[in-house]
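Asker: Dumping the structure here so I can ask a few things about it.
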Amino acid sequence: MSGVLRAAWRLGAAAARGRAGRPLSQAATAGSGESSGAEGGGGSGSREAVERLVRAHPVVVFMKGSPAQPLCGFSNAVVQILRLHGVEDYRAHDVLQDPDLRQGIKDYSNWPTIPQVYLNGEFVGGCDILLQMHQNGDLVEELKKLGIRSALLDAEKDQDKK
């Protein structure tokens with residue numbers, strides 16, 4: 001993981017922790033007696049199942065809705081950022097269709113919110129971190145490491161010709 005991604009992840013992970021130092025995703029369910037089904041087993045929310053999904057493609061997004069029809073503003077923003085960069089070949093998983101996956105991905109990443117973006121199997125973060133990476137140019141560099149040329153580079157080249 002690059003230094004920028006690691007720093008962004010640490011920043012986000014620290015923000016996602018409650019006062020007791022527990023992740024909010026665990027704090028919200030602690031003592032409720034409910035099981036997320038994320039431990040063991042082979043269900044859609046199991047660690048093994050989530051791991052397979054995260055590693056199945058270089059760019060993976062867990063979101064509410066689909067890229068064609070995002071069902072929340074943050075998921076829509078992630079789709080738009082990827083579209084700006086010309087990233088069309090990615091795997092998107094609608095967590096609203098599968099409550100076990102919705103909880104399983106939160107447990108897997110130790111991140112309490114959706115959407116979640118993974119690049120080359122590495123958790124990047126949510127909408128806010130992807131937006132920050134887009135704004136500061138880090139997303140162009142991370143996509144390049146995956147062999148994906150950002151469409152923004154071509155747009156800049158076209159702008160320079162004018």
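As shown in the structure tokens, the chain order sets the letters A, B, ...; within each chain, residues go from 1, and ligands are also counted from 1 in the order they appear.
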Would you kindly return, as a list in words, each protein, DNA or RNA residue with an atom no farther than 9 Å from any atom of stretch 76-81 of chain A, considering only C-alpha atoms and excluding same-chain residues fewer than 4 positions away?
Answerer: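 With the cut-off at 9 Å, the set is Val61, Met63, Lys64, Gly65, Ser66, Pro67, Ala68, Gln69, Pro70, Leu71, Cys72, His85, Gly86, Val87, Pro115, Gln116, Val117, Gly126, Cys127, Asp128, Leu130, Leu131 and His134 of chain A.
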Asker: Taking N, CA, C and O atoms for each residue, export the selection above as a PDB file, in the first residue's frame.
Answerer:
ATOM      1  N   VAL A  61     -16.182  -1.822  -5.719  1.00  0.00           N
ATOM      2  CA  VAL A  61     -16.941  -0.847  -4.941  1.00  0.00           C
ATOM      3  C   VAL A  61     -18.128  -1.551  -4.291  1.00  0.00           C
ATOM      4  O   VAL A  61     -18.889  -2.248  -4.973  1.00  0.00           O
ATOM      5  N   MET A  63     -21.515  -0.579  -2.592  1.00  0.00           N
ATOM      6  CA  MET A  63     -22.311   0.643  -2.634  1.00  0.00           C
ATOM      7  C   MET A  63     -23.783   0.347  -2.383  1.00  0.00           C
ATOM      8  O   MET A  63     -24.187  -0.810  -2.307  1.00  0.00           O
ATOM      9  N   LYS A  64     -24.549   1.406  -2.286  1.00  0.00           N
ATOM     10  CA  LYS A  64     -25.998   1.297  -2.204  1.00  0.00           C
ATOM     11  C   LYS A  64     -26.537   1.557  -3.599  1.00  0.00           C
ATOM     12  O   LYS A  64     -26.371   2.651  -4.139  1.00  0.00           O
ATOM     13  N   GLY A  65     -27.149   0.520  -4.175  1.00  0.00           N
ATOM     14  CA  GLY A  65     -27.623   0.617  -5.539  1.00  0.00           C
ATOM     15  C   GLY A  65     -26.589   0.086  -6.505  1.00  0.00           C
ATOM     16  O   GLY A  65     -25.705  -0.685  -6.133  1.00  0.00           O
ATOM     17  N   SER A  66     -26.699   0.522  -7.745  1.00  0.00           N
ATOM     18  CA  SER A  66     -25.795   0.077  -8.801  1.00  0.00           C
ATOM     19  C   SER A  66     -25.177   1.305  -9.466  1.00  0.00           C
ATOM     20  O   SER A  66     -25.691   2.412  -9.309  1.00  0.00           O
ATOM     21  N   PRO A  67     -24.113   1.117 -10.238  1.00  0.00           N
ATOM     22  CA  PRO A  67     -23.540   2.267 -10.943  1.00  0.00           C
ATOM     23  C   PRO A  67     -24.566   2.962 -11.843  1.00  0.00           C
ATOM     24  O   PRO A  67     -24.545   4.184 -11.977  1.00  0.00           O
ATOM     25  N   ALA A  68     -25.465   2.196 -12.432  1.00  0.00           N
ATOM     26  CA  ALA A  68     -26.492   2.790 -13.289  1.00  0.00           C
ATOM     27  C   ALA A  68     -27.564   3.515 -12.485  1.00  0.00           C
ATOM     28  O   ALA A  68     -28.174   4.460 -12.981  1.00  0.00           O
ATOM     29  N   GLN A  69     -27.758   3.082 -11.232  1.00  0.00           N
ATOM     30  CA  GLN A  69     -28.773   3.702 -10.398  1.00  0.00           C
ATOM     31  C   GLN A  69     -28.326   3.694  -8.929  1.00  0.00           C
ATOM     32  O   GLN A  69     -28.815   2.902  -8.123  1.00  0.00           O
ATOM     33  N   PRO A  70     -27.396   4.590  -8.574  1.00  0.00           N
ATOM     34  CA  PRO A  70     -26.968   4.682  -7.176  1.00  0.00           C
ATOM     35  C   PRO A  70     -28.145   5.131  -6.306  1.00  0.00           C
ATOM     36  O   PRO A  70     -28.950   5.957  -6.714  1.00  0.00           O
ATOM     37  N   LEU A  71     -28.215   4.572  -5.097  1.00  0.00           N
ATOM     38  CA  LEU A  71     -29.344   4.872  -4.226  1.00  0.00           C
ATOM     39  C   LEU A  71     -28.984   5.743  -3.032  1.00  0.00           C
ATOM     40  O   LEU A  71     -29.776   5.859  -2.099  1.00  0.00           O
ATOM     41  N   CYS A  72     -27.801   6.332  -3.070  1.00  0.00           N
ATOM     42  CA  CYS A  72     -27.459   7.351  -2.072  1.00  0.00           C
ATOM     43  C   CYS A  72     -26.453   8.309  -2.704  1.00  0.00           C
ATOM     44  O   CYS A  72     -25.767   7.962  -3.669  1.00  0.00           O
ATOM     45  N   HIS A  85     -12.665   9.633 -14.265  1.00  0.00           N
ATOM     46  CA  HIS A  85     -11.355   9.067 -14.564  1.00  0.00           C
ATOM     47  C   HIS A  85     -11.425   8.026 -15.679  1.00  0.00           C
ATOM     48  O   HIS A  85     -10.407   7.439 -16.048  1.00  0.00           O
ATOM     49  N   GLY A  86     -12.632   7.780 -16.195  1.00  0.00           N
ATOM     50  CA  GLY A  86     -12.791   6.810 -17.276  1.00  0.00           C
ATOM     51  C   GLY A  86     -12.754   5.371 -16.817  1.00  0.00           C
ATOM     52  O   GLY A  86     -12.572   4.462 -17.625  1.00  0.00           O
ATOM     53  N   VAL A  87     -12.918   5.137 -15.516  1.00  0.00           N
ATOM     54  CA  VAL A  87     -12.913   3.772 -14.988  1.00  0.00           C
ATOM     55  C   VAL A  87     -14.324   3.209 -15.143  1.00  0.00           C
ATOM     56  O   VAL A  87     -15.244   3.603 -14.433  1.00  0.00           O
ATOM     57  N   PRO A 115     -20.428   3.975   0.794  1.00  0.00           N
ATOM     58  CA  PRO A 115     -19.677   3.028  -0.025  1.00  0.00           C
ATOM     59  C   PRO A 115     -18.271   2.780   0.511  1.00  0.00           C
ATOM     60  O   PRO A 115     -17.752   3.546   1.318  1.00  0.00           O
ATOM     61  N   GLN A 116     -17.707   1.693   0.009  1.00  0.00           N
ATOM     62  CA  GLN A 116     -16.321   1.350   0.286  1.00  0.00           C
ATOM     63  C   GLN A 116     -15.643   1.004  -1.034  1.00  0.00           C
ATOM     64  O   GLN A 116     -16.208   0.281  -1.850  1.00  0.00           O
ATOM     65  N   VAL A 117     -14.431   1.520  -1.205  1.00  0.00           N
ATOM     66  CA  VAL A 117     -13.687   1.324  -2.448  1.00  0.00           C
ATOM     67  C   VAL A 117     -12.410   0.527  -2.155  1.00  0.00           C
ATOM     68  O   VAL A 117     -11.703   0.822  -1.189  1.00  0.00           O
ATOM     69  N   GLY A 126     -13.942   5.460   1.839  1.00  0.00           N
ATOM     70  CA  GLY A 126     -15.257   5.779   1.316  1.00  0.00           C
ATOM     71  C   GLY A 126     -15.215   6.958   0.376  1.00  0.00           C
ATOM     72  O   GLY A 126     -14.170   7.326  -0.162  1.00  0.00           O
ATOM     73  N   CYS A 127     -16.366   7.564   0.220  1.00  0.00           N
ATOM     74  CA  CYS A 127     -16.534   8.682  -0.699  1.00  0.00           C
ATOM     75  C   CYS A 127     -15.584   9.828  -0.381  1.00  0.00           C
ATOM     76  O   CYS A 127     -14.941  10.382  -1.270  1.00  0.00           O
ATOM     77  N   ASP A 128     -15.468  10.179   0.886  1.00  0.00           N
ATOM     78  CA  ASP A 128     -14.644  11.330   1.270  1.00  0.00           C
ATOM     79  C   ASP A 128     -13.179  11.142   0.905  1.00  0.00           C
ATOM     80  O   ASP A 128     -12.534  12.042   0.373  1.00  0.00           O
ATOM     81  N   LEU A 130     -11.969   8.986  -1.399  1.00  0.00           N
ATOM     82  CA  LEU A 130     -11.839   8.924  -2.851  1.00  0.00           C
ATOM     83  C   LEU A 130     -11.903  10.323  -3.451  1.00  0.00           C
ATOM     84  O   LEU A 130     -11.128  10.655  -4.355  1.00  0.00           O
ATOM     85  N   LEU A 131     -12.780  11.172  -2.922  1.00  0.00           N
ATOM     86  CA  LEU A 131     -12.873  12.552  -3.392  1.00  0.00           C
ATOM     87  C   LEU A 131     -11.572  13.305  -3.128  1.00  0.00           C
ATOM     88  O   LEU A 131     -11.057  14.007  -4.000  1.00  0.00           O
ATOM     89  N   HIS A 134      -9.004  12.168  -5.549  1.00  0.00           N
ATOM     90  CA  HIS A 134      -9.299  12.751  -6.863  1.00  0.00           C
ATOM     91  C   HIS A 134      -8.797  14.195  -6.919  1.00  0.00           C
ATOM     92  O   HIS A 134      -8.130  14.591  -7.862  1.00  0.00           O
TER      93      HIS A 134
END
Asker: Tell me, in Å to one decimal, how far atom CA of A:Leu139 is from atom CA of A:Leu119.
Answerer: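 Between these atoms lies a distance of 10.1 Å.
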Asker: Here is a test: counting only C-alpha atoms, which residue of A:Ile129, A:Tyr90, A:Leu82, A:Phe123 is nearest to A:Ile105?
Answerer: A:Phe123
Asker: Just how far from atom CA of A:Arg55 is atom CA of A:Glu141, in Å to one decimal?
Answerer: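 A separation of 19.9 Å between them.
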Asker: For a quick check of understanding, using only C-alpha atoms, which of A:Glu88, A:Asp154, A:Asp94, A:Glu142 has the smallest distance to A:Tyr118?
Answerer: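 Smallest distance to A:Tyr118 is found for A:Glu142.
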Asker: Any idea what the distance is between atom CA of A:Phe74 and atom CA of A:Lys145?
Answerer: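 Distance between the two atoms: 24.9 Å.
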